[in-house]
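Raw my_file-v1.pdb, PDB, N, CA and C atoms:
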ATOM      1  N   MET A   1      11.281  15.254   4.677
ATOM      2  CA  MET A   1      11.491  15.497   3.264
ATOM      3  C   MET A   1      11.237  14.197   2.495
ATOM      4  N   GLN A   2      10.477  14.311   1.456
ATOM      5  CA  GLN A   2      10.125  13.164   0.630
ATOM      6  C   GLN A   2      11.258  12.873  -0.352
ATOM      7  N   THR A   3      11.788  11.686  -0.304
ATOM      8  CA  THR A   3      12.834  11.319  -1.241
ATOM      9  C   THR A   3      12.219  10.617  -2.438
ATOM     10  N   GLU A   4      13.000  10.470  -3.469
ATOM     11  CA  GLU A   4      12.536   9.775  -4.671
ATOM     12  C   GLU A   4      12.139   8.338  -4.340
ATOM     13  N   GLU A   5      12.895   7.693  -3.468
ATOM     14  CA  GLU A   5      12.574   6.311  -3.087
ATOM     15  C   GLU A   5      11.246   6.251  -2.335
ATOM     16  N   ASN A   6      11.001   7.203  -1.426
ATOM     17  CA  ASN A   6       9.720   7.246  -0.711
ATOM     18  C   ASN A   6       8.563   7.381  -1.694
ATOM     19  N   GLU A   7       8.742   8.216  -2.690
ATOM     20  CA  GLU A   7       7.691   8.414  -3.697
ATOM     21  C   GLU A   7       7.419   7.119  -4.457
ATOM     22  N   LYS A   8       8.464   6.385  -4.790
ATOM     23  CA  LYS A   8       8.295   5.127  -5.510
ATOM     24  C   LYS A   8       7.567   4.096  -4.645
ATOM     25  N   ILE A   9       7.924   4.034  -3.369
ATOM     26  CA  ILE A   9       7.269   3.093  -2.456
ATOM     27  C   ILE A   9       5.799   3.451  -2.295
ATOM     28  N   THR A  10       5.513   4.731  -2.159
ATOM     29  CA  THR A  10       4.127   5.176  -2.035
ATOM     30  C   THR A  10       3.335   4.821  -3.290
ATOM     31  N   LYS A  11       3.941   5.005  -4.448
ATOM     32  CA  LYS A  11       3.276   4.650  -5.703
ATOM     33  C   LYS A  11       2.980   3.152  -5.751
ATOM     34  N   ARG A  12       3.939   2.329  -5.348
ATOM     35  CA  ARG A  12       3.726   0.879  -5.342
ATOM     36  C   ARG A  12       2.663   0.478  -4.321
ATOM     37  N   PHE A  13       2.596   1.175  -3.196
ATOM     38  CA  PHE A  13       1.556   0.910  -2.207
ATOM     39  C   PHE A  13       0.177   1.051  -2.847
ATOM     40  N   PHE A  14      -0.033   2.134  -3.562
ATOM     41  CA  PHE A  14      -1.338   2.347  -4.195
ATOM     42  C   PHE A  14      -1.564   1.363  -5.338
ATOM     43  N   GLU A  15      -0.524   0.997  -6.059
ATOM     44  CA  GLU A  15      -0.653  -0.034  -7.092
ATOM     45  C   GLU A  15      -1.139  -1.339  -6.477
ATOM     46  N   ALA A  16      -0.587  -1.684  -5.327
ATOM     47  CA  ALA A  16      -0.988  -2.914  -4.648
ATOM     48  C   ALA A  16      -2.438  -2.831  -4.192
ATOM     49  N   LEU A  17      -2.861  -1.682  -3.658
ATOM     50  CA  LEU A  17      -4.258  -1.536  -3.254
ATOM     51  C   LEU A  17      -5.191  -1.748  -4.440
ATOM     52  N   TYR A  18      -4.859  -1.166  -5.590
ATOM     53  CA  TYR A  18      -5.692  -1.334  -6.785
ATOM     54  C   TYR A  18      -5.720  -2.791  -7.228
ATOM     55  N   ALA A  19      -4.578  -3.472  -7.134
ATOM     56  CA  ALA A  19      -4.513  -4.882  -7.521
ATOM     57  C   ALA A  19      -5.374  -5.729  -6.581
ATOM     58  N   LEU A  20      -5.364  -5.410  -5.299
ATOM     59  CA  LEU A  20      -6.199  -6.140  -4.347
ATOM     60  C   LEU A  20      -7.680  -5.958  -4.678
ATOM     61  N   LYS A  21      -8.037  -4.757  -5.067
ATOM     62  CA  LYS A  21      -9.422  -4.501  -5.460
ATOM     63  C   LYS A  21      -9.770  -5.293  -6.721
ATOM     64  N   GLU A  22      -8.897  -5.265  -7.713
ATOM     65  CA  GLU A  22      -9.140  -6.003  -8.964
ATOM     66  C   GLU A  22      -9.288  -7.500  -8.719
ATOM     67  N   ARG A  23      -8.541  -8.025  -7.753
ATOM     68  CA  ARG A  23      -8.598  -9.458  -7.429
ATOM     69  C   ARG A  23      -9.774  -9.803  -6.520
ATOM     70  N   GLY A  24     -10.506  -8.796  -6.067
ATOM     71  CA  GLY A  24     -11.641  -9.033  -5.184
ATOM     72  C   GLY A  24     -11.255  -9.309  -3.743
ATOM     73  N   MET A  25     -10.037  -8.973  -3.386
ATOM     74  CA  MET A  25      -9.570  -9.220  -2.022
ATOM     75  C   MET A  25     -10.025  -8.113  -1.059
ATOM     76  N   ILE A  26     -10.264  -6.930  -1.604
ATOM     77  CA  ILE A  26     -10.884  -5.830  -0.866
ATOM     78  C   ILE A  26     -11.882  -5.169  -1.806
ATOM     79  N   ARG A  27     -12.859  -4.491  -1.238
ATOM     80  CA  ARG A  27     -13.839  -3.798  -2.086
ATOM     81  C   ARG A  27     -13.288  -2.468  -2.591
ATOM     82  N   GLY A  28     -12.381  -1.893  -1.825
ATOM     83  CA  GLY A  28     -11.787  -0.609  -2.190
ATOM     84  C   GLY A  28     -10.966  -0.066  -1.038
ATOM     85  N   LYS A  29     -10.534   1.183  -1.178
ATOM     86  CA  LYS A  29      -9.692   1.793  -0.149
ATOM     87  C   LYS A  29     -10.389   1.856   1.202
ATOM     88  N   GLN A  30     -11.699   2.075   1.181
ATOM     89  CA  GLN A  30     -12.419   2.182   2.449
ATOM     90  C   GLN A  30     -12.365   0.869   3.234
ATOM     91  N   THR A  31     -12.414  -0.250   2.546
ATOM     92  CA  THR A  31     -12.278  -1.547   3.218
ATOM     93  C   THR A  31     -10.945  -1.605   3.964
ATOM     94  N   PHE A  32      -9.892  -1.188   3.292
ATOM     95  CA  PHE A  32      -8.553  -1.202   3.879
ATOM     96  C   PHE A  32      -8.464  -0.235   5.058
ATOM     97  N   THR A  33      -8.948   0.977   4.877
ATOM     98  CA  THR A  33      -8.839   1.974   5.949
ATOM     99  C   THR A  33      -9.685   1.590   7.159
ATOM    100  N   ASN A  34     -10.868   1.054   6.935
ATOM    101  CA  ASN A  34     -11.712   0.642   8.064
ATOM    102  C   ASN A  34     -11.083  -0.508   8.837
ATOM    103  N   ARG A  35     -10.526  -1.462   8.122
ATOM    104  CA  ARG A  35      -9.948  -2.637   8.777
ATOM    105  C   ARG A  35      -8.793  -2.272   9.707
ATOM    106  N   TYR A  36      -8.022  -1.257   9.328
ATOM    107  CA  TYR A  36      -6.818  -0.919  10.088
ATOM    108  C   TYR A  36      -6.897   0.423  10.828
ATOM    109  N   GLY A  37      -8.064   1.038  10.841
ATOM    110  CA  GLY A  37      -8.223   2.294  11.571
ATOM    111  C   GLY A  37      -7.430   3.445  10.982
ATOM    112  N   ILE A  38      -7.332   3.476   9.665
ATOM    113  CA  ILE A  38      -6.599   4.532   8.960
ATOM    114  C   ILE A  38      -7.581   5.619   8.554
ATOM    115  N   ASN A  39      -7.178   6.868   8.691
ATOM    116  CA  ASN A  39      -8.011   7.978   8.255
ATOM    117  C   ASN A  39      -8.067   7.983   6.730
ATOM    118  N   ARG A  40      -9.255   7.714   6.202
ATOM    119  CA  ARG A  40      -9.418   7.595   4.749
ATOM    120  C   ARG A  40      -9.091   8.902   4.029
ATOM    121  N   TRP A  41      -9.413  10.038   4.633
ATOM    122  CA  TRP A  41      -9.159  11.326   3.982
ATOM    123  C   TRP A  41      -7.661  11.576   3.858
ATOM    124  N   ASN A  42      -6.893  11.165   4.866
ATOM    125  CA  ASN A  42      -5.437  11.295   4.779
ATOM    126  C   ASN A  42      -4.877  10.404   3.678
ATOM    127  N   LEU A  43      -5.410   9.185   3.574
ATOM    128  CA  LEU A  43      -4.972   8.271   2.521
ATOM    129  C   LEU A  43      -5.299   8.848   1.142
ATOM    130  N   ASN A  44      -6.495   9.400   1.002
ATOM    131  CA  ASN A  44      -6.881  10.004  -0.281
ATOM    132  C   ASN A  44      -6.002  11.204  -0.622
ATOM    133  N   ALA A  45      -5.686  12.018   0.383
ATOM    134  CA  ALA A  45      -4.822  13.183   0.149
ATOM    135  C   ALA A  45      -3.434  12.735  -0.282
ATOM    136  N   LEU A  46      -2.919  11.686   0.348
ATOM    137  CA  LEU A  46      -1.604  11.161  -0.025
ATOM    138  C   LEU A  46      -1.635  10.650  -1.464
ATOM    139  N   GLU A  47      -2.707   9.970  -1.829
ATOM    140  CA  GLU A  47      -2.818   9.436  -3.183
ATOM    141  C   GLU A  47      -2.838  10.542  -4.231
ATOM    142  N   LYS A  48      -3.524  11.626  -3.933
ATOM    143  CA  LYS A  48      -3.635  12.723  -4.900
ATOM    144  C   LYS A  48      -2.324  13.474  -5.074
ATOM    145  N   ASN A  49      -1.534  13.543  -4.019
ATOM    146  CA  ASN A  49      -0.297  14.315  -4.092
ATOM    147  C   ASN A  49       0.831  13.514  -3.467
ATOM    148  N   GLN A  50       1.316  12.513  -4.175
ATOM    149  CA  GLN A  50       2.336  11.611  -3.653
ATOM    150  C   GLN A  50       3.706  12.254  -3.535
ATOM    151  N   SER A  51       3.890  13.435  -4.075
ATOM    152  CA  SER A  51       5.195  14.074  -4.009
ATOM    153  C   SER A  51       5.282  15.090  -2.869
ATOM    154  N   THR A  52       4.300  15.084  -1.961
ATOM    155  CA  THR A  52       4.363  15.992  -0.820
ATOM    156  C   THR A  52       5.351  15.457   0.203
ATOM    157  N   GLN A  53       5.453  16.136   1.325
ATOM    158  CA  GLN A  53       6.370  15.704   2.375
ATOM    159  C   GLN A  53       5.863  14.454   3.081
ATOM    160  N   ASN A  54       4.607  14.114   2.918
ATOM    161  CA  ASN A  54       4.060  12.927   3.556
ATOM    162  C   ASN A  54       4.367  11.695   2.720
ATOM    163  N   SER A  55       4.489  10.579   3.405
ATOM    164  CA  SER A  55       4.681   9.320   2.693
ATOM    165  C   SER A  55       3.844   8.256   3.375
ATOM    166  N   VAL A  56       3.754   7.131   2.738
ATOM    167  CA  VAL A  56       2.976   6.025   3.262
ATOM    168  C   VAL A  56       3.546   5.591   4.611
ATOM    169  N   GLN A  57       2.678   5.242   5.532
ATOM    170  CA  GLN A  57       3.109   4.797   6.850
ATOM    171  C   GLN A  57       3.673   3.384   6.760
ATOM    172  N   LEU A  58       4.720   3.115   7.490
ATOM    173  CA  LEU A  58       5.345   1.797   7.458
ATOM    174  C   LEU A  58       4.366   0.695   7.842
ATOM    175  N   ALA A  59       3.513   0.951   8.802
ATOM    176  CA  ALA A  59       2.543  -0.067   9.227
ATOM    177  C   ALA A  59       1.633  -0.464   8.069
ATOM    178  N   TRP A  60       1.310   0.474   7.179
ATOM    179  CA  TRP A  60       0.434   0.158   6.046
ATOM    180  C   TRP A  60       1.096  -0.870   5.130
ATOM    181  N   LEU A  61       2.415  -0.763   4.986
ATOM    182  CA  LEU A  61       3.150  -1.738   4.181
ATOM    183  C   LEU A  61       3.110  -3.104   4.855
ATOM    184  N   VAL A  62       3.240  -3.102   6.172
ATOM    185  CA  VAL A  62       3.179  -4.358   6.923
ATOM    186  C   VAL A  62       1.834  -5.039   6.689
ATOM    187  N   TYR A  63       0.747  -4.282   6.722
ATOM    188  CA  TYR A  63      -0.583  -4.867   6.513
ATOM    189  C   TYR A  63      -0.673  -5.555   5.156
ATOM    190  N   LEU A  64      -0.128  -4.910   4.128
ATOM    191  CA  LEU A  64      -0.177  -5.509   2.787
ATOM    192  C   LEU A  64       0.620  -6.807   2.735
ATOM    193  N   VAL A  65       1.786  -6.801   3.344
ATOM    194  CA  VAL A  65       2.662  -7.983   3.320
ATOM    195  C   VAL A  65       2.060  -9.102   4.169
ATOM    196  N   ARG A  66       1.680  -8.781   5.369
ATOM    197  CA  ARG A  66       1.212  -9.791   6.322
ATOM    198  C   ARG A  66      -0.165 -10.367   5.973
ATOM    199  N   ASP A  67      -1.081  -9.484   5.578
ATOM    200  CA  ASP A  67      -2.472  -9.918   5.438
ATOM    201  C   ASP A  67      -2.912 -10.177   4.000
ATOM    202  N   TYR A  68      -2.148  -9.678   3.013
ATOM    203  CA  TYR A  68      -2.576  -9.824   1.617
ATOM    204  C   TYR A  68      -1.513 -10.456   0.726
ATOM    205  N   ASN A  69      -0.426 -10.905   1.332
ATOM    206  CA  ASN A  69       0.616 -11.618   0.588
ATOM    207  C   ASN A  69       1.316 -10.766  -0.473
ATOM    208  N   VAL A  70       1.327  -9.457  -0.282
ATOM    209  CA  VAL A  70       2.082  -8.585  -1.183
ATOM    210  C   VAL A  70       3.557  -8.773  -0.849
ATOM    211  N   SER A  71       4.393  -8.815  -1.846
ATOM    212  CA  SER A  71       5.827  -9.028  -1.661
ATOM    213  C   SER A  71       6.486  -7.794  -1.050
ATOM    214  N   ALA A  72       7.147  -8.003   0.091
ATOM    215  CA  ALA A  72       7.881  -6.907   0.733
ATOM    216  C   ALA A  72       9.004  -6.419  -0.178
ATOM    217  N   ARG A  73       9.643  -7.348  -0.841
ATOM    218  CA  ARG A  73      10.737  -6.970  -1.756
ATOM    219  C   ARG A  73      10.212  -6.057  -2.861
ATOM    220  N   TRP A  74       9.074  -6.423  -3.425
ATOM    221  CA  TRP A  74       8.501  -5.594  -4.490
ATOM    222  C   TRP A  74       8.102  -4.224  -3.941
ATOM    223  N   LEU A  75       7.443  -4.188  -2.776
ATOM    224  CA  LEU A  75       7.017  -2.907  -2.203
ATOM    225  C   LEU A  75       8.192  -1.965  -1.985
ATOM    226  N   LEU A  76       9.285  -2.506  -1.469
ATOM    227  CA  LEU A  76      10.416  -1.651  -1.104
ATOM    228  C   LEU A  76      11.361  -1.345  -2.254
ATOM    229  N   THR A  77      11.513  -2.292  -3.176
ATOM    230  CA  THR A  77      12.517  -2.104  -4.228
ATOM    231  C   THR A  77      11.942  -2.041  -5.642
ATOM    232  N   GLY A  78      10.732  -2.542  -5.810
ATOM    233  CA  GLY A  78      10.159  -2.610  -7.150
ATOM    234  C   GLY A  78      10.640  -3.824  -7.930
ATOM    235  N   GLN A  79      11.403  -4.694  -7.305
ATOM    236  CA  GLN A  79      11.941  -5.880  -7.967
ATOM    237  C   GLN A  79      11.088  -7.097  -7.643
ATOM    238  N   GLY A  80      10.967  -7.985  -8.632
ATOM    239  CA  GLY A  80      10.206  -9.208  -8.434
ATOM    240  C   GLY A  80       8.728  -9.004  -8.700
ATOM    241  N   ASP A  81       7.952  -9.984  -8.275
ATOM    242  CA  ASP A  81       6.509  -9.953  -8.480
ATOM    243  C   ASP A  81       5.823  -9.190  -7.372
ATOM    244  N   MET A  82       4.654  -8.627  -7.681
ATOM    245  CA  MET A  82       3.892  -7.875  -6.686
ATOM    246  C   MET A  82       3.443  -8.776  -5.539
ATOM    247  N   PHE A  83       3.091 -10.009  -5.866
ATOM    248  CA  PHE A  83       2.614 -10.918  -4.836
ATOM    249  C   PHE A  83       3.660 -12.002  -4.587
ATOM    250  N   ALA A  84       3.856 -12.317  -3.310
ATOM    251  CA  ALA A  84       4.818 -13.329  -2.913
ATOM    252  C   ALA A  84       4.337 -14.697  -3.375
ATOM    253  N   LYS A  85       5.276 -15.565  -3.697
ATOM    254  CA  LYS A  85       4.956 -16.923  -4.139
ATOM    255  C   LYS A  85       4.381 -17.754  -2.984
ATOM    256  N   THR A  86       4.901 -17.517  -1.784
ATOM    257  CA  THR A  86       4.409 -18.240  -0.613
ATOM    258  C   THR A  86       3.847 -17.230   0.376
ATOM    259  N   PRO A  87       2.777 -17.585   1.062
ATOM    260  CA  PRO A  87       2.180 -16.657   2.034
ATOM    261  C   PRO A  87       3.152 -16.310   3.166
ATOM    262  N   ALA A  88       3.029 -15.080   3.641
ATOM    263  CA  ALA A  88       3.835 -14.634   4.787
ATOM    264  C   ALA A  88       3.369 -15.379   6.024
ATOM    265  N   ASN A  89       4.284 -15.636   6.939
ATOM    266  CA  ASN A  89       3.912 -16.271   8.202
ATOM    267  C   ASN A  89       3.111 -15.299   9.031
ATOM    268  N   ARG A  90       2.073 -15.799   9.638
ATOM    269  CA  ARG A  90       1.223 -14.916  10.461
ATOM    270  C   ARG A  90       1.457 -15.155  11.909
TER
END
Produce structure tokens that represent the structure in this file.
Amino acid sequence: MQTEENEKITKRFFEALYALKERGMIRGKQTFTNRYGINRWNLNALEKNQSTQNSVQLAWLVYLVRDYNVSARWLLTGQGDMFAKTPANR
């Protein structure tokens, strides 16, 4: 069952993907899906209907935090800046 919090996290996930594209860090969703072996059609379906029973996979959040310096706090809570001030340890 999709909770309101899951929906918010999923929305922030897609916001971060768009921000990465705007910053030139990825070319688009396909760059992200190819890099991590994610089914692009499933990602697109999730984006179109974020209020379904499906939600963003936890590993996808890890990729954003670990590889693109997206703030874990922002992804999970919506608080703070989208991007961390200091890079995550790799």
**Request:** Tell me, as a ChimeraX atom specification, which residues lie within 8 Å of Leu76 (chain A), counting only N, CA and C atoms; anything in the same chain fewer than 6 positions away does not count.
**Result:** /A:5,8-9,12-13
**Message:** What's around Val56 (chain A) at 8 Å? Count all atoms listed in the file, leave out sequence neighbours fewer than 5 positions away in its own chain, and write the answer as number ranges by chain.
**Reply:** A: 6-7, 9-11, 13, 46, 50, 61
**Item:** region 9-58 of chain A: residues DSSP assigns to alpha helix (DSSP H), reported as a PyMOL selection string
**Value:** chain A and resi 9-22+29-36+40-48+58
Give me the result of the PyMOL selection byres (((chain A and resi 43 and name CA) around 12) and name CA) on this file, residue by residue, as a tab-separated table (two decimals) with N, CA and C atoms, in the coordinates of the input.
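Done, and the output landed in selection_24.tsv:
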chain	number	residue	atom	x	y	z
A	10	THR	N	5.51	4.73	-2.16
A	10	THR	CA	4.13	5.18	-2.04
A	10	THR	C	3.34	4.82	-3.29
A	13	PHE	N	2.60	1.18	-3.20
A	13	PHE	CA	1.56	0.91	-2.21
A	13	PHE	C	0.18	1.05	-2.85
A	14	PHE	N	-0.03	2.13	-3.56
A	14	PHE	CA	-1.34	2.35	-4.20
A	14	PHE	C	-1.56	1.36	-5.34
A	17	LEU	N	-2.86	-1.68	-3.66
A	17	LEU	CA	-4.26	-1.54	-3.25
A	17	LEU	C	-5.19	-1.75	-4.44
A	29	LYS	N	-10.53	1.18	-1.18
A	29	LYS	CA	-9.69	1.79	-0.15
A	29	LYS	C	-10.39	1.86	1.20
A	30	GLN	N	-11.70	2.08	1.18
A	30	GLN	CA	-12.42	2.18	2.45
A	30	GLN	C	-12.36	0.87	3.23
A	32	PHE	N	-9.89	-1.19	3.29
A	32	PHE	CA	-8.55	-1.20	3.88
A	32	PHE	C	-8.46	-0.24	5.06
A	33	THR	N	-8.95	0.98	4.88
A	33	THR	CA	-8.84	1.97	5.95
A	33	THR	C	-9.68	1.59	7.16
A	34	ASN	N	-10.87	1.05	6.94
A	34	ASN	CA	-11.71	0.64	8.06
A	34	ASN	C	-11.08	-0.51	8.84
A	37	GLY	N	-8.06	1.04	10.84
A	37	GLY	CA	-8.22	2.29	11.57
A	37	GLY	C	-7.43	3.44	10.98
A	38	ILE	N	-7.33	3.48	9.66
A	38	ILE	CA	-6.60	4.53	8.96
A	38	ILE	C	-7.58	5.62	8.55
A	39	ASN	N	-7.18	6.87	8.69
A	39	ASN	CA	-8.01	7.98	8.26
A	39	ASN	C	-8.07	7.98	6.73
A	40	ARG	N	-9.26	7.71	6.20
A	40	ARG	CA	-9.42	7.60	4.75
A	40	ARG	C	-9.09	8.90	4.03
A	41	TRP	N	-9.41	10.04	4.63
A	41	TRP	CA	-9.16	11.33	3.98
A	41	TRP	C	-7.66	11.58	3.86
A	42	ASN	N	-6.89	11.16	4.87
A	42	ASN	CA	-5.44	11.30	4.78
A	42	ASN	C	-4.88	10.40	3.68
A	44	ASN	N	-6.50	9.40	1.00
A	44	ASN	CA	-6.88	10.00	-0.28
A	44	ASN	C	-6.00	11.20	-0.62
A	45	ALA	N	-5.69	12.02	0.38
A	45	ALA	CA	-4.82	13.18	0.15
A	45	ALA	C	-3.43	12.74	-0.28
A	46	LEU	N	-2.92	11.69	0.35
A	46	LEU	CA	-1.60	11.16	-0.02
A	46	LEU	C	-1.64	10.65	-1.46
A	47	GLU	N	-2.71	9.97	-1.83
A	47	GLU	CA	-2.82	9.44	-3.18
A	47	GLU	C	-2.84	10.54	-4.23
A	48	LYS	N	-3.52	11.63	-3.93
A	48	LYS	CA	-3.64	12.72	-4.90
A	48	LYS	C	-2.32	13.47	-5.07
A	49	ASN	N	-1.53	13.54	-4.02
A	49	ASN	CA	-0.30	14.32	-4.09
A	49	ASN	C	0.83	13.51	-3.47
A	50	GLN	N	1.32	12.51	-4.18
A	50	GLN	CA	2.34	11.61	-3.65
A	50	GLN	C	3.71	12.25	-3.54
A	54	ASN	N	4.61	14.11	2.92
A	54	ASN	CA	4.06	12.93	3.56
A	54	ASN	C	4.37	11.70	2.72
A	55	SER	N	4.49	10.58	3.40
A	55	SER	CA	4.68	9.32	2.69
A	55	SER	C	3.84	8.26	3.38
A	56	VAL	N	3.75	7.13	2.74
A	56	VAL	CA	2.98	6.02	3.26
A	56	VAL	C	3.55	5.59	4.61
A	57	GLN	N	2.68	5.24	5.53
A	57	GLN	CA	3.11	4.80	6.85
A	57	GLN	C	3.67	3.38	6.76
A	60	TRP	N	1.31	0.47	7.18
A	60	TRP	CA	0.43	0.16	6.05
A	60	TRP	C	1.10	-0.87	5.13
**Prompt:** Quick one: which residues end up in the PyMOL selection byres (((chain A and resi 68 and name CA) around 12) and name CA) for this structure, as a ChimeraX atom specification?
**Reply:** /A:16-17,19-21,23-26,32,60-67,69-72,82-90
